[in-house]
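S.K.: Sharing my_file23.cif here; it has mmCIF, C-alpha atoms.
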```cif
data_model
#
loop_
_atom_site.label_atom_id
_atom_site.label_comp_id
_atom_site.auth_asym_id
_atom_site.auth_seq_id
_atom_site.Cartn_x
_atom_site.Cartn_y
_atom_site.Cartn_z
CA MET A 1 78.29 6.79 -161.85
CA ASN A 2 81.70 5.98 -163.24
CA MET A 3 81.84 7.05 -166.91
CA ALA A 4 84.90 5.01 -167.88
CA PRO A 5 84.39 1.34 -168.75
CA SER A 6 86.30 -1.19 -166.74
CA THR A 7 89.64 -2.41 -167.98
CA SER A 8 89.53 -5.62 -166.02
CA SER A 9 92.01 -8.20 -167.20
CA THR A 10 89.28 -10.85 -167.30
CA PRO A 11 87.51 -10.80 -170.67
CA SER A 12 83.84 -11.60 -170.96
CA PRO A 13 83.26 -15.24 -171.91
CA ASN A 14 80.31 -14.50 -174.17
CA PRO A 15 80.01 -10.95 -175.43
CA THR A 16 78.66 -12.01 -178.81
CA ALA A 17 75.60 -10.67 -180.55
CA THR A 18 74.31 -13.48 -182.68
CA VAL A 19 71.78 -13.82 -185.44
CA ASN A 20 70.44 -17.19 -186.52
CA SER A 21 72.81 -18.74 -189.03
CA GLY A 22 70.03 -20.59 -190.82
CA GLY A 23 68.63 -19.79 -194.23
CA SER A 24 66.89 -16.63 -193.03
CA GLY A 25 69.73 -15.09 -191.08
CA PRO A 26 73.39 -14.26 -191.27
CA PRO A 27 76.10 -16.17 -189.42
CA SER A 28 76.84 -15.51 -185.79
CA ALA A 29 78.37 -12.13 -185.21
CA GLY A 30 81.03 -12.67 -182.62
CA ALA A 31 84.73 -12.76 -181.92
CA SER A 32 85.06 -16.04 -183.76
CA GLY A 33 84.97 -13.98 -186.93
CA GLN A 34 88.15 -12.14 -186.02
CA THR A 35 91.41 -12.72 -187.77
CA SER A 36 93.34 -15.59 -186.26
CA ASN A 37 96.78 -17.02 -186.87
CA SER A 38 95.34 -20.48 -187.31
CA SER A 39 91.98 -22.18 -187.67
CA SER A 40 92.57 -24.14 -184.50
CA THR A 41 93.18 -20.96 -182.54
CA ASN A 42 90.03 -19.45 -184.00
CA SER A 43 88.03 -22.55 -183.11
CA GLY A 44 89.32 -22.44 -179.57
CA GLN A 45 88.35 -18.79 -179.23
CA GLN A 46 84.86 -19.57 -180.51
CA GLN A 47 84.41 -22.35 -177.97
CA GLN A 48 85.66 -20.13 -175.18
CA LEU A 49 83.46 -17.19 -176.19
CA SER A 50 80.36 -19.30 -176.66
CA GLY A 51 80.86 -21.00 -173.34
CA SER A 52 80.57 -24.42 -174.97
CA ASN A 53 83.13 -25.85 -172.57
CA ASN A 54 81.35 -24.45 -169.53
CA PRO A 55 78.52 -26.79 -168.39
CA SER A 56 77.17 -24.09 -166.07
CA ASN A 57 75.95 -22.14 -169.10
CA ASP A 58 73.46 -24.92 -169.86
CA ALA A 59 72.15 -25.13 -166.31
CA PRO A 60 68.69 -23.67 -165.56
CA VAL A 61 68.67 -20.20 -164.07
CA SER A 62 66.19 -19.29 -161.37
CA PRO A 63 64.03 -16.16 -161.80
CA GLU A 64 65.45 -14.91 -158.51
CA ARG A 65 69.00 -15.11 -159.87
CA ILE A 66 68.02 -13.24 -163.05
CA ALA A 67 66.28 -10.56 -161.00
CA CYS A 68 69.37 -10.23 -158.82
CA TRP A 69 71.66 -9.70 -161.84
CA ILE A 70 69.29 -7.12 -163.31
CA THR A 71 69.32 -5.26 -159.98
CA GLU A 72 73.12 -5.46 -159.90
CA LEU A 73 73.26 -3.57 -163.20
CA LEU A 74 72.42 -0.41 -161.27
CA SER A 75 75.63 -0.49 -159.23
CA SER A 76 78.97 0.29 -160.84
CA ASN A 77 80.58 -2.17 -158.42
CA THR A 78 78.55 -5.17 -159.57
CA ARG A 79 77.63 -4.14 -163.13
CA GLU A 80 80.46 -5.79 -165.05
CA ASN A 81 79.75 -9.24 -163.63
CA ALA A 82 75.99 -8.76 -164.06
CA LEU A 83 76.48 -7.82 -167.74
CA MET A 84 78.59 -10.91 -168.28
CA GLU A 85 76.18 -13.29 -166.55
CA LEU A 86 73.07 -11.92 -168.25
CA SER A 87 74.82 -12.04 -171.62
CA ARG A 88 75.75 -15.68 -171.02
CA LYS A 89 72.22 -16.65 -170.04
CA ARG A 90 70.23 -14.46 -172.43
CA GLU A 91 69.19 -17.38 -174.65
CA LYS A 92 68.06 -19.41 -171.65
CA VAL A 93 65.58 -16.82 -170.37
CA VAL A 94 62.67 -16.41 -172.79
CA ASP A 95 61.41 -13.06 -171.48
CA LEU A 96 64.73 -11.51 -170.51
CA ALA A 97 64.13 -8.69 -172.98
CA VAL A 98 60.82 -7.81 -171.32
CA LEU A 99 62.37 -7.94 -167.86
CA LEU A 100 65.23 -5.68 -168.93
CA TRP A 101 62.99 -3.17 -170.68
CA HIS A 102 60.57 -2.78 -167.78
CA SER A 103 63.15 -2.90 -164.97
CA PHE A 104 64.02 0.51 -163.57
CA GLY A 105 67.22 1.92 -165.05
CA SER A 106 68.29 -1.22 -166.95
CA VAL A 107 68.11 0.18 -170.49
CA ALA A 108 69.66 3.45 -169.33
CA VAL A 109 72.58 1.45 -167.91
CA LEU A 110 73.04 -0.42 -171.19
CA LEU A 111 73.08 2.85 -173.12
CA HIS A 112 75.54 4.27 -170.60
CA GLU A 113 77.87 1.34 -171.30
CA VAL A 114 77.62 2.09 -175.02
CA ILE A 115 78.18 5.84 -174.70
CA SER A 116 81.04 5.45 -172.24
CA VAL A 117 83.35 4.04 -174.93
CA TYR A 118 82.72 6.84 -177.44
CA PRO A 119 85.86 8.73 -176.26
CA TYR A 120 87.97 5.70 -177.16
CA ILE A 121 86.80 5.65 -180.79
CA THR A 122 88.75 8.73 -181.93
CA PRO A 123 91.64 8.34 -181.63
CA PRO A 124 91.17 4.54 -181.73
CA THR A 125 92.38 3.46 -178.28
CA LEU A 126 89.70 0.89 -177.38
CA THR A 127 91.15 -2.09 -175.53
CA ALA A 128 90.04 -5.71 -175.74
CA GLN A 129 88.65 -5.58 -172.20
CA GLN A 130 86.63 -2.45 -172.96
CA SER A 131 85.37 -3.99 -176.18
CA ASN A 132 84.31 -7.19 -174.39
CA ARG A 133 82.38 -5.27 -171.76
CA VAL A 134 80.45 -3.06 -174.18
CA CYS A 135 79.75 -6.11 -176.36
CA ASN A 136 78.05 -7.73 -173.37
CA ALA A 137 75.78 -4.67 -173.20
CA LEU A 138 75.20 -4.85 -176.96
CA ALA A 139 74.25 -8.52 -176.67
CA LEU A 140 71.53 -7.57 -174.20
CA LEU A 141 70.35 -4.78 -176.51
CA GLN A 142 70.12 -7.37 -179.28
CA CYS A 143 68.01 -9.49 -176.96
CA ILE A 144 65.60 -6.56 -176.63
CA ALA A 145 65.67 -5.92 -180.39
CA SER A 146 64.81 -9.56 -181.08
CA HIS A 147 61.79 -9.88 -178.79
CA PRO A 148 58.38 -9.19 -180.36
CA GLU A 149 57.13 -7.36 -177.26
CA THR A 150 60.06 -4.94 -177.08
CA ARG A 151 61.16 -4.56 -180.73
CA THR A 152 58.82 -1.69 -181.54
CA LEU A 153 59.66 0.08 -178.28
CA PHE A 154 63.34 -0.39 -179.13
CA ILE A 155 63.10 1.46 -182.44
CA GLN A 156 60.67 4.07 -181.13
CA ALA A 157 63.35 4.99 -178.60
CA ASN A 158 65.88 5.37 -181.47
CA ILE A 159 68.27 3.04 -179.67
CA PRO A 160 69.91 1.73 -182.89
CA LEU A 161 71.29 5.22 -183.51
CA PHE A 162 73.54 4.84 -180.46
CA LEU A 163 75.32 1.98 -182.28
CA TYR A 164 76.08 3.85 -185.50
CA PRO A 165 79.33 5.44 -184.22
CA PHE A 166 80.64 1.88 -183.83
CA LEU A 167 79.63 0.96 -187.39
CA ASN A 168 81.38 4.09 -188.65
CA THR A 169 84.79 3.14 -187.21
CA LYS A 170 87.64 2.25 -189.55
CA SER A 171 90.23 0.64 -187.28
CA SER A 172 90.96 -2.96 -188.27
CA THR A 173 92.16 -4.04 -184.83
CA ARG A 174 90.31 -6.89 -183.16
CA PRO A 175 88.53 -4.80 -180.48
CA PHE A 176 87.03 -2.53 -183.14
CA GLU A 177 86.19 -5.31 -185.56
CA TYR A 178 84.54 -7.15 -182.67
CA LEU A 179 82.59 -4.01 -181.77
CA ARG A 180 81.38 -3.48 -185.35
CA LEU A 181 80.40 -7.11 -185.71
CA THR A 182 78.41 -7.19 -182.49
CA SER A 183 76.67 -3.91 -183.41
CA LEU A 184 75.77 -5.36 -186.80
CA GLY A 185 74.24 -8.30 -184.94
CA VAL A 186 71.80 -5.93 -183.24
CA ILE A 187 70.67 -4.45 -186.57
CA GLY A 188 70.56 -7.93 -188.08
CA ALA A 189 68.20 -9.03 -185.32
CA LEU A 190 65.87 -6.14 -186.18
CA VAL A 191 65.70 -6.79 -189.93
CA LYS A 192 65.46 -10.56 -189.60
CA THR A 193 61.74 -10.37 -188.81
CA ASP A 194 60.87 -8.74 -192.17
CA GLU A 195 58.71 -6.04 -190.57
CA THR A 196 57.99 -2.97 -192.68
CA GLU A 197 57.95 -0.82 -189.55
CA VAL A 198 61.58 -1.72 -188.89
CA ILE A 199 62.63 -1.11 -192.50
CA ASN A 200 60.88 2.26 -192.60
CA PHE A 201 62.71 3.27 -189.44
CA LEU A 202 66.09 2.19 -190.79
CA LEU A 203 65.50 4.06 -194.06
CA THR A 204 65.36 7.30 -192.07
CA THR A 205 68.84 6.58 -190.72
CA GLU A 206 72.30 6.05 -192.24
CA ILE A 207 72.24 2.26 -192.08
CA ILE A 208 72.53 1.73 -195.85
CA PRO A 209 75.75 3.75 -196.38
CA LEU A 210 77.18 2.34 -193.16
CA SER A 211 76.47 -1.22 -194.32
CA LEU A 212 77.93 -0.50 -197.76
CA ARG A 213 81.12 0.80 -196.18
CA ILE A 214 81.53 -2.36 -194.09
CA MET A 215 80.72 -4.52 -197.12
CA GLN A 216 83.80 -3.07 -198.79
CA SER A 217 86.31 -3.02 -195.97
CA GLY A 218 85.22 -5.28 -193.11
CA SER A 219 86.21 -8.82 -192.22
CA GLU A 220 84.47 -11.64 -194.08
CA LEU A 221 81.99 -12.14 -191.26
CA SER A 222 81.24 -8.41 -190.96
CA LYS A 223 80.76 -8.20 -194.73
CA THR A 224 78.37 -11.14 -194.57
CA VAL A 225 76.21 -9.64 -191.83
CA ALA A 226 76.22 -6.18 -193.47
CA THR A 227 75.20 -7.73 -196.81
CA PHE A 228 72.43 -9.66 -195.05
CA ILE A 229 71.12 -6.36 -193.64
CA LEU A 230 71.10 -4.83 -197.13
CA GLN A 231 69.36 -7.94 -198.48
CA LYS A 232 66.62 -7.66 -195.86
CA ILE A 233 66.12 -3.97 -196.59
CA LEU A 234 65.80 -4.75 -200.30
CA ALA A 235 63.36 -7.59 -199.58
CA ASP A 236 60.84 -5.04 -198.35
CA ASP A 237 59.07 -3.07 -201.09
CA CYS A 238 59.76 0.20 -199.27
CA GLY A 239 63.48 -0.61 -199.15
CA LEU A 240 63.64 -1.62 -202.81
CA ASN A 241 61.77 1.50 -203.90
CA TYR A 242 64.01 3.70 -201.75
CA ILE A 243 67.25 2.34 -203.22
CA CYS A 244 65.93 2.46 -206.80
CA GLN A 245 64.43 5.93 -206.41
CA THR A 246 67.55 7.80 -207.54
CA PHE A 247 70.50 6.98 -209.74
CA ASP A 248 72.99 7.84 -206.96
CA ARG A 249 71.49 5.34 -204.52
CA PHE A 250 71.23 2.53 -207.03
CA SER A 251 74.67 3.09 -208.52
CA HIS A 252 76.29 3.15 -205.08
CA VAL A 253 74.72 -0.19 -204.16
CA ALA A 254 75.50 -1.72 -207.57
CA MET A 255 79.10 -0.51 -207.43
CA VAL A 256 79.72 -2.05 -203.99
CA LEU A 257 78.09 -5.34 -204.94
CA GLY A 258 80.15 -5.45 -208.12
CA ARG A 259 83.39 -4.91 -206.23
CA MET A 260 82.47 -7.64 -203.79
CA VAL A 261 81.81 -10.09 -206.62
CA LEU A 262 85.23 -9.35 -208.09
CA GLN A 263 86.78 -9.94 -204.66
CA GLN A 264 84.97 -13.27 -204.52
CA GLN A 265 86.92 -14.37 -207.59
CA LYS A 266 90.11 -14.19 -205.54
CA GLU A 267 88.80 -15.69 -202.31
CA ALA A 268 85.27 -17.03 -202.50
CA SER A 269 82.95 -17.39 -199.52
CA GLY A 270 79.77 -19.32 -200.20
CA ARG A 271 77.73 -17.68 -197.47
CA LEU A 272 78.76 -14.16 -198.49
CA LEU A 273 78.19 -14.90 -202.17
CA LYS A 274 74.70 -16.15 -201.30
CA HIS A 275 73.69 -12.80 -199.84
CA ILE A 276 75.26 -10.88 -202.73
CA ILE A 277 73.24 -12.89 -205.25
CA ARG A 278 70.06 -12.41 -203.20
CA CYS A 279 70.64 -8.63 -203.33
CA TYR A 280 71.08 -8.70 -207.10
CA LEU A 281 68.03 -10.91 -207.52
CA ARG A 282 65.84 -8.54 -205.52
CA LEU A 283 67.13 -5.51 -207.45
CA SER A 284 66.11 -7.27 -210.65
CA ASP A 285 62.48 -7.10 -209.48
CA ASN A 286 62.55 -3.37 -210.23
CA ALA A 287 62.13 -2.77 -213.98
CA ARG A 288 64.56 0.13 -214.29
CA ALA A 289 67.10 -1.51 -212.00
CA ARG A 290 66.82 -4.67 -214.08
CA GLU A 291 67.54 -2.66 -217.20
CA ALA A 292 70.64 -1.16 -215.58
CA LEU A 293 71.85 -4.53 -214.29
CA ARG A 294 71.98 -5.89 -217.83
CA SER A 295 75.01 -3.70 -218.43
CA CYS A 296 76.63 -3.64 -214.98
CA LEU A 297 76.24 -7.20 -213.64
CA PRO A 298 79.77 -8.68 -213.34
CA ASP A 299 80.58 -11.18 -216.08
CA CYS A 300 81.79 -13.75 -213.55
CA LEU A 301 78.19 -14.17 -212.40
CA LYS A 302 77.13 -14.90 -215.96
CA ASP A 303 79.64 -17.68 -216.67
CA HIS A 304 80.64 -20.68 -214.56
CA THR A 305 83.21 -18.93 -212.35
CA PHE A 306 81.48 -19.85 -209.09
CA ASP A 307 80.25 -23.33 -209.99
CA ALA A 308 82.65 -24.97 -207.55
CA VAL A 309 81.68 -22.62 -204.70
CA LEU A 310 77.96 -23.17 -205.25
CA LYS A 311 78.22 -26.88 -205.97
CA GLU A 312 76.52 -27.91 -202.73
CA ASP A 313 74.24 -24.87 -202.43
CA GLN A 314 71.24 -25.63 -204.59
CA SER A 315 69.23 -22.67 -203.30
CA THR A 316 71.86 -20.11 -204.27
CA LYS A 317 72.33 -21.78 -207.66
CA LYS A 318 68.58 -21.46 -208.20
CA TRP A 319 68.64 -17.79 -207.21
CA LEU A 320 71.54 -17.09 -209.59
CA SER A 321 69.73 -18.85 -212.43
CA GLN A 322 66.60 -16.82 -211.72
CA LEU A 323 68.65 -13.61 -211.71
CA LEU A 324 70.14 -14.38 -215.11
CA LEU A 325 66.70 -15.34 -216.42
CA ASN A 326 65.25 -12.04 -215.18
CA LEU A 327 67.97 -10.10 -216.97
CA GLU A 328 67.32 -11.96 -220.20
CA SER A 329 63.63 -11.05 -220.20
CA PRO A 330 62.90 -7.84 -222.14
CA VAL A 331 61.24 -4.98 -220.27
CA ALA A 332 57.97 -3.91 -221.86
CA PRO A 333 57.90 -0.07 -222.22
CA ASN A 334 54.47 0.26 -220.59
CA THR A 335 55.53 -1.95 -217.68
CA ALA A 336 58.75 -0.03 -217.19
CA ASN A 337 56.97 3.32 -217.22
CA SER A 338 54.26 2.24 -214.81
CA GLN A 339 56.79 0.71 -212.38
CA GLN A 340 58.97 3.81 -212.63
CA GLN A 341 56.01 5.95 -211.58
CA ALA A 342 55.08 3.58 -208.78
CA SER A 343 58.49 2.91 -207.28
CA GLY A 344 60.86 5.56 -208.57
CA SER A 345 63.63 5.52 -211.14
CA VAL A 346 67.28 4.58 -211.17
CA VAL A 347 67.97 7.00 -214.01
CA PRO A 348 69.55 10.36 -213.13
CA GLN A 349 67.10 12.87 -211.70
CA GLN A 350 67.38 16.37 -210.32
CA THR A 351 70.25 16.50 -207.88
CA GLN A 352 69.22 16.04 -204.26
CA PRO A 353 71.19 17.02 -201.16
CA ALA A 354 73.66 14.28 -200.29
CA SER A 355 73.64 12.62 -196.92
CA PRO A 356 76.68 13.03 -194.63
CA LEU A 357 77.92 9.62 -195.72
CA GLY A 358 77.53 10.21 -199.43
CA MET A 359 74.21 8.51 -200.16
CA GLY A 360 71.55 10.43 -202.04
#
```
What does the file become when written as C-alpha cells?
M.R.:
Amino acid sequence: MNMAPSTSSTPSPNPTATVNSGGSGPPSAGASGQTSNSSSTNSGQQQQLSGSNNPSNDAPVSPERIACWITELLSSNTRENALMELSRKREKVVDLAVLLWHSFGSVAVLLHEVISVYPYITPPTLTAQQSNRVCNALALLQCIASHPETRTLFIQANIPLFLYPFLNTKSSTRPFEYLRLTSLGVIGALVKTDETEVINFLLTTEIIPLSLRIMQSGSELSKTVATFILQKILADDCGLNYICQTFDRFSHVAMVLGRMVLQQQKEASGRLLKHIIRCYLRLSDNARAREALRSCLPDCLKDHTFDAVLKEDQSTKKWLSQLLLNLESPVAPNTANSQQQASGSVVPQQTQPASPLGMG
C-alpha cells in the first residue's frame, strides 16, 4: 500500500467537513473559510467546493454505485476517485456511515489517509492537493461521527485522537488552515448531539487546550468552530465542572475568551461573538466562576459596544442580558460553598501536574 498521498493536480471538488450552520451548530467548516483576495473569489471557491454548479451532485445514487466506490477504497489505484465521489455524495446516502464502518477495510483506509500526511506536518510541506485528499477522508470520518449508529463506536475506537496532530499545527497557509478546519468539523459533529458520553471522552483528551489555541490564532471560521466546541463542552455539566475544577483551567479559558472579545472590538463577527457570549453565560452558571467573572468580564460586554453587531440577533442579545443579570446577582455563601463541593472550585488549589499543552 502506497504510504504517500497523491499529489494529483486535480483538487477534490468537495473535501469539506460541515456542521449544521443553524442555531445549534457552527458554520460550515470548509475551504470557503480560507483567506481570499476578494469576496467574489471566495464565493466562487465555495460554489466550486460545494459542487453547487454541478447538477450531478444532486442526482440519486444507486446502492450498487455506492458499494462500488466503497470497494474501490481498498485499491491505491482507485482510492483517490472513490474518496472524492463518496465525499461528494455523503449527504445523499442516509446510511453511508454504517456502510463504511461495517465494510471490510474502509475505516482502516480512511485512517491510513490521515496518517500518511503526518510526515508533511513538520516541517510544514503539505500541498493543496494532499490537503484536499485527506480532507475527503476526514469528511467521511465526520459522516461516521455524525451517525447515531456509529458515533459511539467511533469514540470507542479513539479515532478523534488521530486528528489532533492536525489541530496542533501552526502554519497559516491555506492547506493547513483547511486541514485544521475540516478536522474541527469532525469534532464539531461529535459535540453537536449534546451526549454526555461524547463529552466525557473528549475531557480525557487534549481537545480543550487545542481548541483554545485555535480560538486565539486561527482564521475567523476556525475560531468560530473551535469556540462552538468549547461551548458544547461547557453546556454539559461534566464539562462545566471540569473547567471550573481548578483555577488554572478556568483562568486559561477566561483569558482566551477575554482576548477574543477585545479582538471583536476591532473586527466584529456576529456568529463568533454569539458563541463567545454563550460560553460566558454557561460559565456564569457555576457560583465560583460567576464570582470570578464579575472582575474579569471585559468592559465592552457590559456597555453598548456591540449593539450594532447584535442589532438583528435577538437571541444573542438575550443571552448577553442574561449574563449581565447573572453577574449582578449576589452569590449566597451557603450556595457558593455547596456548589463548590459539588462541582469543584475555580480558586487556586494544590498544584496538579500540567498537561503537555499547558492545561491543568
S.K.: List the spatial neighbours of Lys170 of chain A as a PyMOL selection string - criterion: any atom at most 9 Å away, only C-alpha atoms, same-chain residues fewer than 4 positions off excluded.
M.R.: chain A and resi 124+176-177+214+217-218
S.K.: Smallest atom-to-atom distance to Gln265 of chain A: which of A:Phe306, A:Trp319, A:Tyr118, A:Phe104, using all atoms listed in the file?
M.R.: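 Closest to Gln265 of chain A, using all atoms listed in the file: A:Phe306.
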S.K.: Residues near Ser315 of chain A, anyone? I mean within 12 Å using only C-alpha atoms, not counting same-chain ones fewer than 5 positions away, as a ChimeraX atom specification.
M.R.: /A:23,270-271,273-275,277-278,310,320-322
S.K.: Given the file shown, determine the residues that the PyMOL selection byres ((chain A and resi 297-304) around 8) selects; report them as number ranges by chain.
M.R.: A: 258, 261-262, 265, 293-296, 305-307, 320, 324
S.K.: Between atom CA of Gly185 of chain A and atom CA of Ser222 of chain A, what is the distance, to one decimal in Å?
M.R.: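 Atom-to-atom, atom CA of Gly185 of chain A and atom CA of Ser222 of chain A are spaced 9.2 Å apart.
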S.K.: Apply the PyMOL selection byres ((chain A and resi 58-72) around 9) to the file shown and report the selected residues as a PyMOL selection string.
M.R.: chain A and resi 52+54-57+73-83+85-86+89+92-93+96+99-100+103-104+106
S.K.: I'd like to see the residues matched by the PyMOL selection byres ((chain A and resi 184) around 8) on this file, and ideally I'd get them as a PyMOL selection string.
M.R.: chain A and resi 29+167+180-183+185-188+222+225-226
S.K.: Please determine, counting all atoms listed in the file, which residue among A:Gln231, A:Thr205, A:Asn200, A:Thr316 has the shortest atom-to-atom distance to Ile159 of chain A.
M.R.: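 The answer is A:Thr205, which sits nearest to Ile159 of chain A.
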S.K.: Got a sec: who's within 12 Å of Ala108 of chain A, counting all atoms listed in the file, leaving out chain neighbours fewer than 6 positions off, as a tab-separated table (two decimals) with C-alpha atoms, in the frame of the given file?
M.R.:
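Okay, around.tsv is ready:
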```tsv
chain	number	residue	atom	x	y	z
A	1	MET	CA	78.29	6.79	-161.85
A	73	LEU	CA	73.26	-3.57	-163.20
A	74	LEU	CA	72.42	-0.41	-161.27
A	100	LEU	CA	65.23	-5.68	-168.93
A	101	TRP	CA	62.99	-3.17	-170.68
A	102	HIS	CA	60.57	-2.78	-167.78
A	114	VAL	CA	77.62	2.09	-175.02
A	115	ILE	CA	78.18	5.84	-174.70
A	116	SER	CA	81.04	5.45	-172.24
A	137	ALA	CA	75.78	-4.67	-173.20
A	141	LEU	CA	70.35	-4.78	-176.51
A	157	ALA	CA	63.35	4.99	-178.60
A	159	ILE	CA	68.27	3.04	-179.67
A	162	PHE	CA	73.54	4.84	-180.46
```
S.K.: For Thr122 of chain A, which residue out of A:Tyr164, A:Arg88, A:Thr169, A:Leu203 is the nearest one, using all atoms listed in the file?
M.R.: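 Among the listed residues, the smallest separation from Thr122 of chain A belongs to A:Thr169.
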S.K.: May I ask for the distance between atom CA of Val256 of chain A and atom CA of Glu291 of chain A, given in Å to one decimal place?
M.R.: 18.0 Å
S.K.: Atom CA of Lys232 of chain A and atom CA of Val117 of chain A, how far apart in Å?
M.R.: 29.2 Å
S.K.: Which one of A:Leu190, A:Val134, A:Leu325, A:Leu153 sits closest to Ile229 of chain A if you count all atoms listed in the file?
M.R.: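 When distances to Ile229 of chain A are compared using all atoms listed in the file, the smallest one comes from A:Leu190.
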S.K.: Using only C-alpha atoms, collect all residues at a distance of at most 12 Å from (93.8, -5.5, -183.6) as written in the file, then present them as a PDB file with C-alpha atoms, in the frame of the given file.
M.R.:
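Here's the written file point.pdb:
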```
ATOM      1  CA  ALA A  31      84.730 -12.760-181.920  1.00  0.00           C
ATOM      2  CA  GLN A  34      88.150 -12.140-186.020  1.00  0.00           C
ATOM      3  CA  THR A  35      91.410 -12.720-187.770  1.00  0.00           C
ATOM      4  CA  SER A  36      93.340 -15.590-186.260  1.00  0.00           C
ATOM      5  CA  PRO A 124      91.170   4.540-181.730  1.00  0.00           C
ATOM      6  CA  THR A 125      92.380   3.460-178.280  1.00  0.00           C
ATOM      7  CA  LEU A 126      89.700   0.890-177.380  1.00  0.00           C
ATOM      8  CA  THR A 127      91.150  -2.090-175.530  1.00  0.00           C
ATOM      9  CA  ALA A 128      90.040  -5.710-175.740  1.00  0.00           C
ATOM     10  CA  SER A 131      85.370  -3.990-176.180  1.00  0.00           C
ATOM     11  CA  LYS A 170      87.640   2.250-189.550  1.00  0.00           C
ATOM     12  CA  SER A 171      90.230   0.640-187.280  1.00  0.00           C
ATOM     13  CA  SER A 172      90.960  -2.960-188.270  1.00  0.00           C
ATOM     14  CA  THR A 173      92.160  -4.040-184.830  1.00  0.00           C
ATOM     15  CA  ARG A 174      90.310  -6.890-183.160  1.00  0.00           C
ATOM     16  CA  PRO A 175      88.530  -4.800-180.480  1.00  0.00           C
ATOM     17  CA  PHE A 176      87.030  -2.530-183.140  1.00  0.00           C
ATOM     18  CA  GLU A 177      86.190  -5.310-185.560  1.00  0.00           C
ATOM     19  CA  TYR A 178      84.540  -7.150-182.670  1.00  0.00           C
ATOM     20  CA  LEU A 179      82.590  -4.010-181.770  1.00  0.00           C
ATOM     21  CA  SER A 219      86.210  -8.820-192.220  1.00  0.00           C
TER      22      SER A 219
END
```
S.K.: A:Gly239, A:Cys244, A:Val253, A:Leu138: which is nearest Arg90 of chain A, counting all atoms listed in the file?
M.R.: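 Using all atoms listed in the file, the shortest distance to Arg90 of chain A belongs to A:Leu138.
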S.K.: Let me make sure I understand: among A:Asp285, A:Glu113, A:Met84, A:Pro209, which one has the smallest atom-to-atom distance to Asp236 of chain A if we use only C-alpha atoms?
M.R.: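 Going through A:Asp285, A:Glu113, A:Met84, A:Pro209 one by one, the smallest distance to Asp236 of chain A is for A:Asp285.
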S.K.: Where's the centre, and what are the edge lengths in Å to one decimal, of a box along x, y and z enclosing all listed atoms of segment 207-215 of chain A padded 5 Å per side, as lines of an AutoDock Vina configuration file?
M.R.:
```
center_x = 76.9
center_y = -0.4
center_z = -194.9
size_x = 19.3
size_y = 18.3
size_z = 15.7
```
S.K.: Since the input is missing atoms for segment 294-304 of chain A, could you rebuild it with N, CA, C and O atoms and give the result as a PDB file, in the frame of the given file?
M.R.:
```
ATOM      1  N   ARG A 294      71.575  -5.187-216.607  1.00  0.00           N
ATOM      2  CA  ARG A 294      71.980  -5.890-217.830  1.00  0.00           C
ATOM      3  C   ARG A 294      73.362  -5.449-218.288  1.00  0.00           C
ATOM      4  O   ARG A 294      74.096  -6.231-218.899  1.00  0.00           O
ATOM      5  N   SER A 295      73.717  -4.214-217.980  1.00  0.00           N
ATOM      6  CA  SER A 295      75.010  -3.700-218.430  1.00  0.00           C
ATOM      7  C   SER A 295      76.069  -3.685-217.327  1.00  0.00           C
ATOM      8  O   SER A 295      77.265  -3.593-217.624  1.00  0.00           O
ATOM      9  N   CYS A 296      75.636  -3.771-216.052  1.00  0.00           N
ATOM     10  CA  CYS A 296      76.630  -3.640-214.980  1.00  0.00           C
ATOM     11  C   CYS A 296      76.807  -4.899-214.133  1.00  0.00           C
ATOM     12  O   CYS A 296      77.652  -4.918-213.238  1.00  0.00           O
ATOM     13  N   LEU A 297      76.034  -5.958-214.393  1.00  0.00           N
ATOM     14  CA  LEU A 297      76.240  -7.200-213.640  1.00  0.00           C
ATOM     15  C   LEU A 297      77.599  -7.794-214.020  1.00  0.00           C
ATOM     16  O   LEU A 297      77.909  -7.955-215.200  1.00  0.00           O
ATOM     17  N   PRO A 298      78.444  -8.122-213.037  1.00  0.00           N
ATOM     18  CA  PRO A 298      79.770  -8.680-213.340  1.00  0.00           C
ATOM     19  C   PRO A 298      79.682  -9.936-214.202  1.00  0.00           C
ATOM     20  O   PRO A 298      78.812 -10.799-213.990  1.00  0.00           O
ATOM     21  N   ASP A 299      80.585 -10.041-215.162  1.00  0.00           N
ATOM     22  CA  ASP A 299      80.580 -11.180-216.080  1.00  0.00           C
ATOM     23  C   ASP A 299      80.776 -12.511-215.368  1.00  0.00           C
ATOM     24  O   ASP A 299      80.270 -13.543-215.812  1.00  0.00           O
ATOM     25  N   CYS A 300      81.510 -12.487-214.241  1.00  0.00           N
ATOM     26  CA  CYS A 300      81.790 -13.750-213.550  1.00  0.00           C
ATOM     27  C   CYS A 300      80.534 -14.362-212.925  1.00  0.00           C
ATOM     28  O   CYS A 300      80.554 -15.531-212.532  1.00  0.00           O
ATOM     29  N   LEU A 301      79.449 -13.589-212.841  1.00  0.00           N
ATOM     30  CA  LEU A 301      78.190 -14.170-212.400  1.00  0.00           C
ATOM     31  C   LEU A 301      77.412 -14.772-213.570  1.00  0.00           C
ATOM     32  O   LEU A 301      76.462 -15.532-213.354  1.00  0.00           O
ATOM     33  N   LYS A 302      77.834 -14.425-214.770  1.00  0.00           N
ATOM     34  CA  LYS A 302      77.130 -14.900-215.960  1.00  0.00           C
ATOM     35  C   LYS A 302      77.732 -16.186-216.509  1.00  0.00           C
ATOM     36  O   LYS A 302      77.081 -16.914-217.250  1.00  0.00           O
ATOM     37  N   ASP A 303      79.004 -16.445-216.187  1.00  0.00           N
ATOM     38  CA  ASP A 303      79.640 -17.680-216.670  1.00  0.00           C
ATOM     39  C   ASP A 303      79.642 -18.714-215.549  1.00  0.00           C
ATOM     40  O   ASP A 303      78.776 -18.704-214.696  1.00  0.00           O
ATOM     41  N   HIS A 304      80.612 -19.577-215.538  1.00  0.00           N
ATOM     42  CA  HIS A 304      80.640 -20.680-214.560  1.00  0.00           C
ATOM     43  C   HIS A 304      81.748 -20.485-213.517  1.00  0.00           C
ATOM     44  O   HIS A 304      82.242 -21.452-212.944  1.00  0.00           O
TER      45      HIS A 304
END
```
